[in-house]
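Pasted below: target_11.cif, mmCIF, C-alpha atoms.
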```cif
data_final
loop_
_atom_site.label_atom_id
_atom_site.label_comp_id
_atom_site.auth_asym_id
_atom_site.auth_seq_id
_atom_site.Cartn_x
_atom_site.Cartn_y
_atom_site.Cartn_z
CA LEU F 1 -7.85 14.12 -23.40
CA GLN F 2 -10.69 11.93 -24.66
CA ASN F 3 -8.55 8.81 -24.30
CA VAL F 4 -7.73 9.28 -20.60
CA ARG F 5 -11.32 9.81 -19.49
CA ILE F 6 -13.20 6.97 -17.79
CA ASP F 7 -15.45 6.23 -20.71
CA PRO F 8 -16.12 2.90 -22.47
CA SER F 9 -15.09 4.49 -25.78
CA SER F 10 -11.67 5.69 -24.52
CA ILE F 11 -8.43 3.81 -25.14
CA SER F 12 -7.54 3.69 -21.44
CA PHE F 13 -10.92 2.36 -20.26
CA GLN F 14 -10.09 -1.33 -20.66
CA MET F 15 -6.78 -0.78 -18.87
CA TRP F 16 -8.64 0.95 -16.04
CA LYS F 17 -11.30 -1.77 -15.86
CA GLU F 18 -8.90 -4.71 -15.72
CA ILE F 19 -5.31 -3.68 -15.16
CA PRO F 20 -3.13 -5.50 -17.74
CA VAL F 21 0.08 -4.77 -15.83
CA PRO F 22 1.48 -7.81 -13.96
CA PHE F 23 1.40 -6.95 -10.25
CA TYR F 24 3.27 -8.90 -7.59
CA LEU F 25 2.90 -8.99 -3.83
CA SER F 26 6.18 -9.83 -2.10
CA VAL F 27 5.97 -10.62 1.63
CA HIS F 28 8.93 -10.73 4.02
CA PHE F 29 8.40 -12.12 7.54
CA PHE F 30 10.49 -11.37 10.62
CA GLU F 31 11.20 -14.52 12.60
CA VAL F 32 11.98 -14.08 16.32
CA LEU F 33 15.11 -16.14 16.94
CA ASN F 34 15.24 -15.74 20.74
CA HIS F 35 11.58 -15.81 21.78
CA LYS F 36 12.28 -17.58 25.10
CA GLN F 37 14.78 -14.89 26.06
CA VAL F 38 12.36 -12.13 24.99
CA LEU F 39 9.91 -13.48 27.58
CA GLN F 40 12.61 -12.82 30.18
CA GLY F 41 13.14 -9.23 29.05
CA ALA F 42 15.80 -9.66 26.35
CA LYS F 43 15.98 -7.60 23.17
CA PRO F 44 14.27 -9.41 20.25
CA VAL F 45 16.64 -10.82 17.62
CA LEU F 46 14.98 -10.94 14.20
CA SER F 47 15.75 -12.77 10.98
CA GLN F 48 14.08 -11.74 7.73
CA ARG F 49 12.49 -14.62 5.82
CA GLY F 50 11.27 -14.66 2.26
CA PRO F 51 10.23 -13.09 0.01
CA TYR F 52 7.08 -15.11 -0.53
CA VAL F 53 5.83 -13.83 -3.88
CA TYR F 54 2.27 -13.80 -5.20
CA ARG F 55 0.97 -12.84 -8.63
CA GLU F 56 -1.78 -10.29 -8.08
CA TYR F 57 -4.74 -9.87 -10.43
CA ARG F 58 -7.03 -6.85 -10.13
CA TYR F 59 -10.35 -6.35 -11.83
CA LYS F 60 -13.37 -4.09 -11.35
CA THR F 61 -17.00 -5.13 -11.04
CA ASN F 62 -20.31 -3.38 -10.35
CA ILE F 63 -19.20 -0.48 -12.61
CA THR F 64 -22.02 2.08 -12.46
CA PHE F 65 -21.97 5.48 -14.17
CA HIS F 66 -23.81 8.36 -12.50
CA ASP F 67 -25.25 11.62 -13.84
CA ASN F 68 -22.85 13.80 -11.82
CA ASP F 69 -19.75 12.84 -13.82
CA THR F 70 -18.77 9.98 -11.47
CA VAL F 71 -18.53 6.21 -11.65
CA SER F 72 -18.72 3.65 -8.83
CA TYR F 73 -17.01 0.27 -8.76
CA LEU F 74 -15.64 -2.54 -6.61
CA GLU F 75 -12.09 -3.68 -7.29
CA TYR F 76 -11.20 -7.24 -6.39
CA ARG F 77 -7.77 -8.76 -5.82
CA LYS F 78 -6.78 -12.39 -6.40
CA LEU F 79 -3.40 -13.74 -5.33
CA PHE F 80 -1.55 -16.83 -6.58
CA PHE F 81 1.66 -18.10 -5.00
CA GLN F 82 4.73 -18.08 -7.27
CA PRO F 83 7.23 -20.74 -6.06
CA ASP F 84 9.79 -19.88 -8.75
CA LEU F 85 9.98 -16.25 -7.61
CA SER F 86 9.93 -17.00 -3.88
CA ASN F 87 12.67 -17.77 -1.40
CA GLY F 88 10.79 -20.45 0.50
CA THR F 89 7.38 -22.12 0.52
CA GLU F 90 4.07 -21.53 2.29
CA ASP F 91 4.67 -24.75 4.27
CA GLU F 92 7.71 -23.36 6.10
CA TYR F 93 7.39 -22.78 9.83
CA ILE F 94 8.22 -19.39 11.37
CA VAL F 95 8.27 -18.29 15.02
CA VAL F 96 6.31 -15.05 15.37
CA PRO F 97 4.36 -13.32 18.15
CA ASN F 98 0.98 -14.78 18.99
CA ILE F 99 -0.74 -11.75 17.51
CA LEU F 100 -4.20 -12.62 18.83
CA MET F 101 -2.97 -13.22 22.37
CA MET F 102 -0.46 -10.36 22.63
CA GLY F 103 -2.87 -7.95 20.97
CA ALA F 104 -5.71 -8.93 23.28
CA ALA F 105 -3.43 -8.64 26.33
CA VAL F 106 -2.45 -5.05 25.52
CA MET F 107 -6.07 -4.20 24.65
CA MET F 108 -7.23 -5.55 28.04
CA GLU F 109 -4.50 -3.86 30.07
CA LYS F 110 -6.85 -1.26 31.58
CA LEU F 111 -9.79 -3.61 32.10
CA PRO F 112 -10.63 -5.05 35.55
CA ASN F 113 -8.10 -7.54 36.95
CA VAL F 114 -10.76 -10.23 37.16
CA LEU F 115 -11.12 -10.23 33.34
CA LYS F 116 -7.35 -10.43 32.91
CA LEU F 117 -7.16 -13.33 35.34
CA LEU F 118 -9.94 -15.10 33.48
CA LEU F 119 -8.11 -14.59 30.19
CA SER F 120 -4.83 -15.78 31.72
CA GLY F 121 -6.54 -18.93 33.02
CA ALA F 122 -8.18 -19.55 29.67
CA LEU F 123 -4.84 -19.10 27.88
CA ALA F 124 -3.24 -21.64 30.22
CA SER F 125 -6.00 -24.19 29.64
CA MET F 126 -5.59 -23.79 25.86
CA LYS F 127 -1.78 -23.89 26.18
CA GLN F 128 -1.52 -20.53 24.49
CA GLU F 129 1.91 -18.91 24.51
CA ALA F 130 3.25 -15.45 23.66
CA PHE F 131 5.02 -16.80 20.55
CA ILE F 132 3.77 -19.38 18.06
CA ASN F 133 5.40 -21.61 15.47
CA ARG F 134 3.13 -21.56 12.42
CA THR F 135 3.52 -22.00 8.68
CA VAL F 136 3.70 -19.03 6.34
CA GLY F 137 0.40 -20.10 4.78
CA GLU F 138 -1.34 -20.25 8.18
CA ILE F 139 -0.08 -16.83 9.26
CA MET F 140 -1.16 -15.27 5.99
CA TRP F 141 -4.40 -17.04 5.09
CA GLY F 142 -5.66 -18.11 8.48
CA TYR F 143 -5.71 -20.85 11.08
CA GLU F 144 -8.39 -21.94 13.51
CA ASP F 145 -7.79 -20.77 17.06
CA PRO F 146 -10.08 -21.43 20.07
CA LEU F 147 -8.80 -18.16 21.54
CA ILE F 148 -11.14 -16.31 19.16
CA ASP F 149 -14.23 -17.76 20.84
CA THR F 150 -12.75 -17.17 24.30
CA ILE F 151 -12.10 -13.49 23.63
CA ASN F 152 -15.59 -13.09 22.18
CA MET F 153 -17.03 -14.65 25.32
CA LEU F 154 -14.97 -12.60 27.82
CA VAL F 155 -15.17 -9.25 26.01
CA PRO F 156 -18.03 -9.33 23.47
CA GLY F 157 -17.40 -7.10 20.46
CA MET F 158 -13.63 -6.80 20.95
CA ILE F 159 -12.96 -8.74 17.74
CA PRO F 160 -15.69 -8.81 15.07
CA PHE F 161 -14.73 -12.13 13.47
CA LYS F 162 -15.08 -15.83 14.17
CA GLY F 163 -13.32 -18.96 13.12
CA LYS F 164 -9.96 -18.41 11.45
CA PHE F 165 -7.39 -15.68 12.04
CA GLY F 166 -4.83 -14.62 9.41
CA LEU F 167 -3.05 -11.40 8.55
CA PHE F 168 -4.08 -11.52 4.87
CA ILE F 169 -7.34 -13.40 5.26
CA ASP F 170 -9.34 -10.38 4.05
CA PHE F 171 -6.84 -9.48 1.31
CA ASN F 172 -7.34 -12.32 -1.16
CA ASN F 173 -10.58 -12.62 -3.18
CA SER F 174 -11.87 -9.45 -1.56
CA ASN F 175 -12.51 -5.88 -2.64
CA THR F 176 -11.04 -2.62 -1.38
CA GLY F 177 -14.40 -0.98 -0.75
CA LEU F 178 -16.84 0.89 -2.97
CA PHE F 179 -14.96 3.68 -4.73
CA THR F 180 -16.78 6.49 -6.52
CA VAL F 181 -14.45 8.54 -8.70
CA ASN F 182 -14.74 11.33 -11.26
CA THR F 183 -14.85 10.28 -14.91
CA GLY F 184 -13.34 13.50 -16.29
CA MET F 185 -16.09 13.81 -18.92
CA LYS F 186 -16.85 17.40 -17.89
CA ASP F 187 -13.59 18.38 -16.16
CA ILE F 188 -10.50 16.43 -17.22
CA SER F 189 -8.51 17.84 -14.30
CA GLN F 190 -10.72 15.80 -11.93
CA VAL F 191 -10.49 12.44 -13.69
CA HIS F 192 -9.83 9.53 -11.27
CA MET F 193 -10.20 11.83 -8.23
CA VAL F 194 -12.13 10.08 -5.44
CA ASP F 195 -15.61 11.46 -4.81
CA SER F 196 -16.39 9.01 -2.00
CA TRP F 197 -15.29 5.68 -0.52
CA ASN F 198 -17.98 3.34 0.84
CA GLY F 199 -20.32 6.32 0.55
CA LEU F 200 -18.08 8.47 2.79
CA LYS F 201 -16.63 11.86 1.90
CA LYS F 202 -14.24 11.49 4.84
CA VAL F 203 -13.33 8.76 7.32
CA SER F 204 -13.67 8.91 11.10
CA TYR F 205 -10.58 7.00 12.21
CA TRP F 206 -8.49 10.03 13.15
CA ARG F 207 -8.61 13.02 15.49
CA SER F 208 -8.54 15.88 12.99
CA SER F 209 -10.63 16.76 9.93
CA GLN F 210 -7.45 17.12 7.87
CA CYS F 211 -6.30 13.58 8.65
CA ASN F 212 -9.79 12.19 7.98
CA MET F 213 -10.01 13.71 4.49
CA ILE F 214 -10.20 11.39 1.48
CA ASN F 215 -7.88 13.09 -1.00
CA GLY F 216 -6.48 12.23 -4.40
CA THR F 217 -7.26 9.23 -6.57
CA ALA F 218 -7.70 5.53 -5.82
CA GLY F 219 -4.00 5.03 -6.52
CA GLU F 220 -4.23 3.63 -10.04
CA MET F 221 -4.14 6.67 -12.35
CA TRP F 222 -3.99 10.45 -12.02
CA PRO F 223 -5.21 13.42 -14.08
CA PRO F 224 -3.12 14.23 -17.18
CA PHE F 225 -0.51 16.99 -17.44
CA MET F 226 0.86 16.40 -13.95
CA PRO F 227 3.01 19.12 -12.37
CA PRO F 228 6.32 18.03 -10.83
CA THR F 229 5.12 18.72 -7.29
CA SER F 230 3.17 15.95 -5.54
CA LEU F 231 0.40 13.39 -5.95
CA GLU F 232 -2.17 11.96 -3.56
CA PHE F 233 -4.18 8.77 -3.25
CA TYR F 234 -6.47 7.18 -0.69
CA SER F 235 -5.26 3.83 0.66
CA PRO F 236 -7.85 1.60 2.38
CA ASP F 237 -4.96 -0.58 3.63
CA ALA F 238 -3.41 2.40 5.44
CA CYS F 239 -6.85 3.88 6.33
CA ARG F 240 -5.74 7.31 5.14
CA SER F 241 -4.78 9.48 2.21
CA ILE F 242 -1.10 9.41 1.30
CA THR F 243 0.86 12.22 -0.34
CA LEU F 244 4.00 11.45 -2.33
CA VAL F 245 6.42 14.17 -3.43
CA TYR F 246 8.26 14.70 -6.71
CA GLU F 247 11.87 13.52 -6.65
CA GLN F 248 13.19 13.59 -10.21
CA SER F 249 12.41 13.23 -13.91
CA GLY F 250 13.50 10.12 -15.72
CA GLU F 251 12.54 7.47 -18.25
CA PHE F 252 11.08 3.99 -18.11
CA GLU F 253 11.87 1.93 -21.19
CA GLY F 254 12.17 5.15 -23.17
CA VAL F 255 8.92 6.70 -21.89
CA PRO F 256 9.41 9.94 -19.90
CA THR F 257 8.32 9.76 -16.25
CA TYR F 258 8.15 11.71 -13.01
CA ARG F 259 9.30 9.81 -9.93
CA PHE F 260 7.36 10.38 -6.71
CA VAL F 261 8.54 9.14 -3.31
CA ALA F 262 7.37 9.27 0.30
CA PRO F 263 8.43 12.40 2.22
CA LYS F 264 10.24 11.87 5.52
CA THR F 265 7.19 13.35 7.24
CA LEU F 266 4.78 10.65 6.01
CA PHE F 267 4.81 8.70 9.29
CA ALA F 268 6.31 11.41 11.49
CA ASN F 269 4.69 11.99 14.87
CA GLY F 270 2.83 15.15 15.84
CA THR F 271 5.84 16.60 17.64
CA ASP F 272 8.14 16.41 14.62
CA TYR F 273 5.37 17.28 12.12
CA PRO F 274 2.35 19.06 13.67
CA PRO F 275 -0.11 18.26 10.81
CA ASN F 276 0.22 14.59 11.80
CA GLU F 277 -1.04 15.25 15.33
CA GLY F 278 -4.44 14.02 14.19
CA PHE F 279 -3.00 10.53 13.66
CA CYS F 280 -1.96 10.30 17.33
CA PRO F 281 -1.71 8.98 20.03
CA CYS F 282 1.84 8.79 18.69
CA MET F 283 5.05 7.12 19.72
CA GLN F 284 8.38 7.68 17.99
CA SER F 285 8.51 9.28 14.55
CA GLY F 286 8.39 6.85 11.67
CA ILE F 287 5.50 4.66 12.85
CA GLN F 288 1.79 5.38 12.59
CA ASN F 289 -0.73 4.06 15.07
CA VAL F 290 -3.50 2.33 13.09
CA SER F 291 -5.30 0.78 16.06
CA THR F 292 -8.41 2.88 15.42
CA CYS F 293 -8.94 1.20 12.05
CA ARG F 294 -7.60 -2.22 13.09
CA LEU F 295 -10.11 -3.29 15.76
CA ASN F 296 -8.22 -1.24 18.39
CA ALA F 297 -5.37 -3.76 18.27
CA PRO F 298 -1.93 -2.24 19.05
CA MET F 299 -0.85 -2.20 15.40
CA PHE F 300 1.48 0.27 13.68
CA ILE F 301 2.52 0.78 10.07
CA SER F 302 5.88 2.09 8.88
CA HIS F 303 8.40 1.86 6.10
CA PRO F 304 10.21 -1.51 6.00
CA HIS F 305 13.02 -1.94 8.55
CA PHE F 306 11.89 1.37 10.11
CA TYR F 307 13.45 3.28 7.20
CA ASN F 308 13.14 7.06 7.80
CA ALA F 309 12.10 6.37 11.41
CA ASP F 310 13.50 7.33 14.80
CA PRO F 311 16.77 5.35 15.29
CA SER F 312 15.51 4.13 18.68
CA LEU F 313 13.02 1.86 16.88
CA VAL F 314 15.83 0.12 15.00
CA ASP F 315 17.98 -0.09 18.13
CA ALA F 316 15.18 -1.73 20.15
CA VAL F 317 15.60 -4.96 18.14
CA GLU F 318 18.44 -6.72 16.35
CA GLY F 319 18.41 -7.68 12.68
CA LEU F 320 17.10 -4.56 10.93
CA HIS F 321 19.10 -2.81 8.21
CA PRO F 322 17.10 0.10 6.74
CA SER F 323 18.16 1.38 3.33
CA ARG F 324 16.67 3.73 0.76
CA GLU F 325 17.31 1.33 -2.13
CA GLN F 326 15.58 -1.68 -0.58
CA HIS F 327 12.94 -0.09 1.62
CA GLY F 328 11.95 3.23 0.04
CA LEU F 329 8.75 3.29 -2.01
CA PHE F 330 8.42 4.98 -5.40
CA LEU F 331 5.95 5.65 -8.18
CA ASP F 332 7.02 6.47 -11.77
CA VAL F 333 4.20 8.23 -13.63
CA HIS F 334 3.95 9.39 -17.22
CA PRO F 335 3.14 13.09 -16.63
CA MET F 336 1.19 13.66 -19.85
CA THR F 337 -1.37 10.88 -19.21
CA GLY F 338 -1.09 10.40 -15.43
CA ILE F 339 -0.63 6.64 -15.92
CA PRO F 340 1.95 4.83 -13.72
CA MET F 341 4.67 3.08 -15.68
CA ASN F 342 6.57 1.47 -12.79
CA CYS F 343 5.93 1.33 -9.05
CA SER F 344 6.84 -0.37 -5.79
CA ILE F 345 4.68 0.50 -2.78
CA LYS F 346 6.09 -0.88 0.48
CA LEU F 347 4.69 -1.01 4.01
CA GLN F 348 5.65 -2.76 7.23
CA LEU F 349 3.19 -4.11 9.81
CA ASN F 350 4.26 -3.90 13.46
CA LEU F 351 2.79 -5.09 16.77
CA TYR F 352 3.31 -3.33 20.08
CA ILE F 353 4.06 -5.95 22.73
CA LYS F 354 4.75 -5.64 26.45
CA GLN F 355 4.30 -7.31 29.82
CA VAL F 356 0.71 -6.94 31.00
CA SER F 357 0.12 -7.28 34.71
CA GLY F 358 -2.28 -10.12 35.49
CA ILE F 359 -1.62 -12.05 32.27
CA ILE F 360 1.24 -14.41 33.06
CA GLN F 361 1.78 -15.45 29.44
CA THR F 362 3.31 -12.02 28.68
CA GLY F 363 6.21 -12.84 31.00
CA LYS F 364 8.68 -10.00 31.46
CA ILE F 365 8.48 -8.71 27.87
CA LYS F 366 9.81 -5.18 27.65
CA PRO F 367 7.68 -2.69 25.69
CA VAL F 368 8.73 -2.77 22.04
CA VAL F 369 7.23 -2.11 18.61
CA LEU F 370 8.01 -5.45 17.00
CA PRO F 371 8.10 -5.79 13.18
CA LEU F 372 5.93 -8.66 11.97
CA LEU F 373 6.36 -8.43 8.21
CA TRP F 374 6.78 -6.03 5.35
CA PHE F 375 5.35 -6.28 1.89
CA ALA F 376 5.78 -4.65 -1.50
CA GLU F 377 3.17 -4.34 -4.23
CA SER F 378 5.14 -3.88 -7.44
CA GLY F 379 4.32 -3.65 -11.11
CA SER F 380 5.51 -2.17 -14.38
CA ILE F 381 4.05 -1.80 -17.86
CA GLU F 382 5.55 -4.30 -20.29
CA GLY F 383 4.91 -6.27 -23.47
CA SER F 384 2.34 -5.07 -26.01
CA VAL F 385 1.00 -2.42 -23.60
CA LEU F 386 4.48 -0.91 -23.27
CA THR F 387 4.93 -1.02 -27.06
CA GLN F 388 1.62 0.82 -27.54
CA PHE F 389 2.65 3.41 -24.97
CA TYR F 390 6.06 3.92 -26.54
CA ASN F 391 4.65 4.27 -30.05
CA ASN F 392 1.83 6.66 -29.09
CA LEU F 393 3.69 8.75 -26.52
CA VAL F 394 7.25 8.78 -27.87
CA VAL F 395 7.57 7.68 -31.50
CA ILE F 396 4.54 9.45 -33.02
CA PRO F 397 5.18 12.79 -31.22
CA LEU F 398 8.85 12.57 -32.29
CA VAL F 399 7.89 11.89 -35.90
CA MET F 400 5.41 14.77 -35.83
CA ASP F 401 8.12 16.99 -34.38
CA TYR F 402 10.51 16.08 -37.20
CA LEU F 403 7.78 16.50 -39.80
CA GLN F 404 7.07 20.06 -38.75
CA TYR F 405 10.72 20.94 -39.25
CA ILE F 406 10.76 19.14 -42.61
CA PHE F 407 7.68 21.05 -43.75
CA LEU F 408 9.19 24.23 -42.42
CA GLY F 409 12.40 23.49 -44.32
CA LEU F 410 10.46 22.78 -47.50
CA SER F 411 8.42 25.94 -47.13
CA VAL F 412 11.45 28.25 -47.00
CA PRO F 413 12.49 27.71 -50.68
CA LEU F 414 8.84 28.07 -51.73
CA ILE F 415 8.55 31.37 -49.88
CA ILE F 416 11.80 32.61 -51.43
CA SER F 417 10.69 31.51 -54.91
CA ALA F 418 7.35 33.24 -54.46
CA ALA F 419 9.09 36.42 -53.36
CA VAL F 420 11.43 36.30 -56.40
CA LEU F 421 8.52 35.80 -58.79
CA MET F 422 6.64 38.67 -57.22
CA ALA F 423 9.65 40.90 -57.58
CA MET F 424 10.18 39.87 -61.20
CA SER F 425 6.55 40.51 -62.05
CA LYS F 426 6.92 44.09 -60.89
#
```
Before anything else, please render the file you have as structure tokens.
Amino acid sequence: LQNVRIDPSSISFQMWKEIPVPFYLSVHFFEVLNHKQVLQGAKPVLSQRGPYVYREYRYKTNITFHDNDTVSYLEYRKLFFQPDLSNGTEDEYIVVPNILMMGAAVMMEKLPNVLKLLLSGALASMKQEAFINRTVGEIMWGYEDPLIDTINMLVPGMIPFKGKFGLFIDFNNSNTGLFTVNTGMKDISQVHMVDSWNGLKKVSYWRSSQCNMINGTAGEMWPPFMPPTSLEFYSPDACRSITLVYEQSGEFEGVPTYRFVAPKTLFANGTDYPPNEGFCPCMQSGIQNVSTCRLNAPMFISHPHFYNADPSLVDAVEGLHPSREQHGLFLDVHPMTGIPMNCSIKLQLNLYIKQVSGIIQTGKIKPVVLPLLWFAESGSIEGSVLTQFYNNLVVIPLVMDYLQYIFLGLSVPLIISAAVLMAMSK
């Protein structure tokens, strides 16, 4: 119990402070093969590209212990491209939706026609189109676009950034927010449980108090002696708490584990799963509207390839092949310590696109939730850390178990001999 607390003297503290497990971010893009036809109302035809793999390093700074059995910290992520593990390079070109333009068009749909005409004229002068041909590196880490300044001029405050635009521009060399979690010094059952995030006890993105709750841990470790039921963690990337459910017991490199997976209701809409009504306005089951925490852009998250989603989402495009083996997420946790041994957390980012009256660049695009990319953050304990785990959690308990039987076996003759001597003495 002492060694799983968040305390500088505990064995697990250094692991918690700077995770020694090699993490990898694998990104798969969806290229639109028939973008000219999509502008005329055709069904999008997609081709999956990648993976583009990055080594991910995580470390905590600003670690501050408080008197109420909590500790605050910032966790930073650094990513480094791994050419040998990737299927392609960051210099490859991919045709994808013009996220800035298509997102702004949908966001401006209900604004006065004069603003839409101004935007349409500005787009024409800048030769902006509904689909762009950019490199993987530009899409991920940012490219300069004059459209940013134009949008800021036409609708001040619509997008709170300037200069470059990239899907992962705030992911690298950045932190996930100020987490304050329980140390477990007074109550071990609360260790790693989130007390607040950025000073908040709950978020305000969603329409119900239940959906706004910050539940569980920060997603790195859990309290010891886990029951085979469920686990929770708060994900800043998903803007919500996520609950995974127990699937089965197993082993990872000889260490016993519980496997937790996403329930089918994770991204279900409010009709199919009423508790999720607070995440609405909803569309089909299997996608979650995250516009409220993504600058009001028409963005949705889901499982990759719309796994576990309404079949109509898969049928609306060509090129998706959802499968449990490739697209289901999992987390293998050692139940005694609450430490993950092996994991692969997967999410897909989608953009809702459609024809917007008054903005000619949107053509005759039919309304569709279009997959942009999906990514997996994966890692497993290996090397000397795995050896230490195996020795402490498997070998030593097994030896102790055998020793008790040996001592028990040795004690039986001694007891019998003592009884015989006592009988003889009488």
Self-check item: Expansion of the PyMOL selection byres ((chain F and resi 118-133) around 7) into residues, as a VMD selection string
Solution: chain F and resid 35 93 to 98 101 to 102 114 to 117 134 359 to 362
Quiz item: Closest to Glu220 in chain F among F:Pro275, F:Pro340, F:Pro371, F:Gly41, using all atoms listed in the file?
Solution: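 Using all atoms listed in the file, Glu220 in chain F sits closest to F:Pro340.
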Exercise. List the residues matched by the PyMOL selection byres ((chain F and resi 227) around 10) in the displayed structure as a list in words, ordered by chain and then by residue number.
Key: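 Going through the file, the PyMOL selection byres ((chain F and resi 227) around 10) ends up selecting Pro224, Phe225, Met226, Pro228, Thr229, Ser230, Leu231, Tyr246, Tyr258, Pro335 and Met336 of chain F.
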Quiz prompt | Surrounding residues of Val314 in chain F excluding itself and chain neighbours under 3 positions, 12 Å, only C-alpha atoms, as a PyMOL selection string | solution = chain F and resi 43-46+284-287+302-311+317-323+368-371
Practice problem: Can you pull out every residue within 10 Å of Gly88 in chain F, counting all atoms listed in the file, but drop anything in the same chain fewer than 2 positions away, and send it as an NGL selection string? | Solution: :F and (49-53 or 83-86 or 90-92 or 136)
Quiz item: What's the 12 Å shell around Cys282 in chain F, counting all atoms listed in the file, without same-chain residues fewer than 5 positions away, as a list in words?
Solution: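 Skipping anything fewer than 5 positions along the chain leaves Trp206, Arg207, Phe267, Ala268, Asn269, Gly270, Thr271, Asp272, Tyr273, Pro274, Asn276, Glu277, Ile287, Gln288, Asn289, Val290, Ser291, Pro298, Met299, Phe300 and Ile301 of chain F.
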Exercise. Between F:Ile99, F:Val261, F:His334, F:Val21, single out the one closest to Leu351 in chain F, counting all atoms listed in the file.
Key: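 Result for the nearest residue to Leu351 in chain F: F:Ile99.
Distances from F:Ile188, F:Ile345, F:Leu39, F:Met140 to Val4 in chain F were compared using all atoms listed in the file, and the smallest one belongs to F:Ile188.
In this comparison, which uses all atoms listed in the file, the residue of F:Cys293, F:Leu147, F:Ile63, F:Met283 approaching Leu313 in chain F most closely is F:Met283.
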Practice problem: Report the residues retrieved by the PyMOL selection byres ((chain F and resi 5) around 7) from the displayed file, expressed as a ChimeraX atom specification. | Solution: /F:1-4,6-7,10,183-185,191
Self-check item: Option closest in space to Ser72 in chain F, from F:Ser12, F:Thr89, F:Asn198, F:Ser312 [counting all atoms listed in the file]
Solution: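 Comparing F:Ser12, F:Thr89, F:Asn198, F:Ser312 against Ser72 in chain F, the winner is F:Asn198.
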Quiz item: For the atom pair CA of Trp16 in chain F and CA of Glu75 in chain F, what is the interatomic distance in Å to one decimal place?
Solution: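 CA of Glu75 in chain F lies at a distance of 10.5 Å from CA of Trp16 in chain F.
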Exercise. Could you tell me which of F:Val27, F:Ile139, F:Met153, F:Met15 comes closest to Ile169 in chain F if we count all atoms listed in the file?
Key: F:Ile139
Self-check item: For Phe171 in chain F: contacts at 9 Å, all atoms listed in the file, fewer than 6 positions along chain excluded, given as a ChimeraX atom specification
Solution: /F:77-79,141
Using the selection just defined, write its residues with C-alpha atoms as a tab-separated table (two decimals), in the coordinates of the input.
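Contents of the output file out22.tsv:
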```tsv
chain	number	residue	atom	x	y	z
F	77	ARG	CA	-7.77	-8.76	-5.82
F	78	LYS	CA	-6.78	-12.39	-6.40
F	79	LEU	CA	-3.40	-13.74	-5.33
F	141	TRP	CA	-4.40	-17.04	5.09
```
Keeping N, CA and C atoms, write range 365-376 of chain F of the structure just shown out as a PDB file, in the first residue's frame.
```pdb
ATOM      1  N   ILE F 365     -22.176  19.527 -51.938  1.00  0.00           N
ATOM      2  CA  ILE F 365     -21.787  18.479 -50.987  1.00  0.00           C
ATOM      3  C   ILE F 365     -22.996  18.035 -50.167  1.00  0.00           C
ATOM      4  N   LYS F 366     -23.237  16.743 -50.163  1.00  0.00           N
ATOM      5  CA  LYS F 366     -24.325  16.204 -49.351  1.00  0.00           C
ATOM      6  C   LYS F 366     -23.876  16.108 -47.892  1.00  0.00           C
ATOM      7  N   PRO F 367     -24.793  16.322 -46.952  1.00  0.00           N
ATOM      8  CA  PRO F 367     -24.416  16.246 -45.531  1.00  0.00           C
ATOM      9  C   PRO F 367     -23.822  14.877 -45.191  1.00  0.00           C
ATOM     10  N   VAL F 368     -22.640  14.887 -44.593  1.00  0.00           N
ATOM     11  CA  VAL F 368     -21.985  13.632 -44.221  1.00  0.00           C
ATOM     12  C   VAL F 368     -20.988  13.894 -43.096  1.00  0.00           C
ATOM     13  N   VAL F 369     -20.897  12.962 -42.175  1.00  0.00           N
ATOM     14  CA  VAL F 369     -19.857  12.998 -41.141  1.00  0.00           C
ATOM     15  C   VAL F 369     -18.641  12.304 -41.743  1.00  0.00           C
ATOM     16  N   LEU F 370     -17.638  13.089 -42.085  1.00  0.00           N
ATOM     17  CA  LEU F 370     -16.497  12.586 -42.847  1.00  0.00           C
ATOM     18  C   LEU F 370     -15.307  12.308 -41.932  1.00  0.00           C
ATOM     19  N   PRO F 371     -14.823  11.062 -41.875  1.00  0.00           N
ATOM     20  CA  PRO F 371     -13.631  10.759 -41.077  1.00  0.00           C
ATOM     21  C   PRO F 371     -12.402  11.499 -41.601  1.00  0.00           C
ATOM     22  N   LEU F 372     -11.676  12.124 -40.702  1.00  0.00           N
ATOM     23  CA  LEU F 372     -10.438  12.819 -41.061  1.00  0.00           C
ATOM     24  C   LEU F 372      -9.221  11.945 -40.777  1.00  0.00           C
ATOM     25  N   LEU F 373      -9.181  11.407 -39.568  1.00  0.00           N
ATOM     26  CA  LEU F 373      -8.059  10.573 -39.147  1.00  0.00           C
ATOM     27  C   LEU F 373      -8.462   9.800 -37.904  1.00  0.00           C
ATOM     28  N   TRP F 374      -7.716   8.760 -37.625  1.00  0.00           N
ATOM     29  CA  TRP F 374      -7.847   8.112 -36.317  1.00  0.00           C
ATOM     30  C   TRP F 374      -6.451   7.856 -35.775  1.00  0.00           C
ATOM     31  N   PHE F 375      -6.367   7.852 -34.456  1.00  0.00           N
ATOM     32  CA  PHE F 375      -5.059   7.675 -33.839  1.00  0.00           C
ATOM     33  C   PHE F 375      -5.153   6.717 -32.657  1.00  0.00           C
ATOM     34  N   ALA F 376      -4.032   6.101 -32.364  1.00  0.00           N
ATOM     35  CA  ALA F 376      -3.931   5.177 -31.227  1.00  0.00           C
ATOM     36  C   ALA F 376      -2.734   5.584 -30.385  1.00  0.00           C
TER      37      ALA F 376
END
```
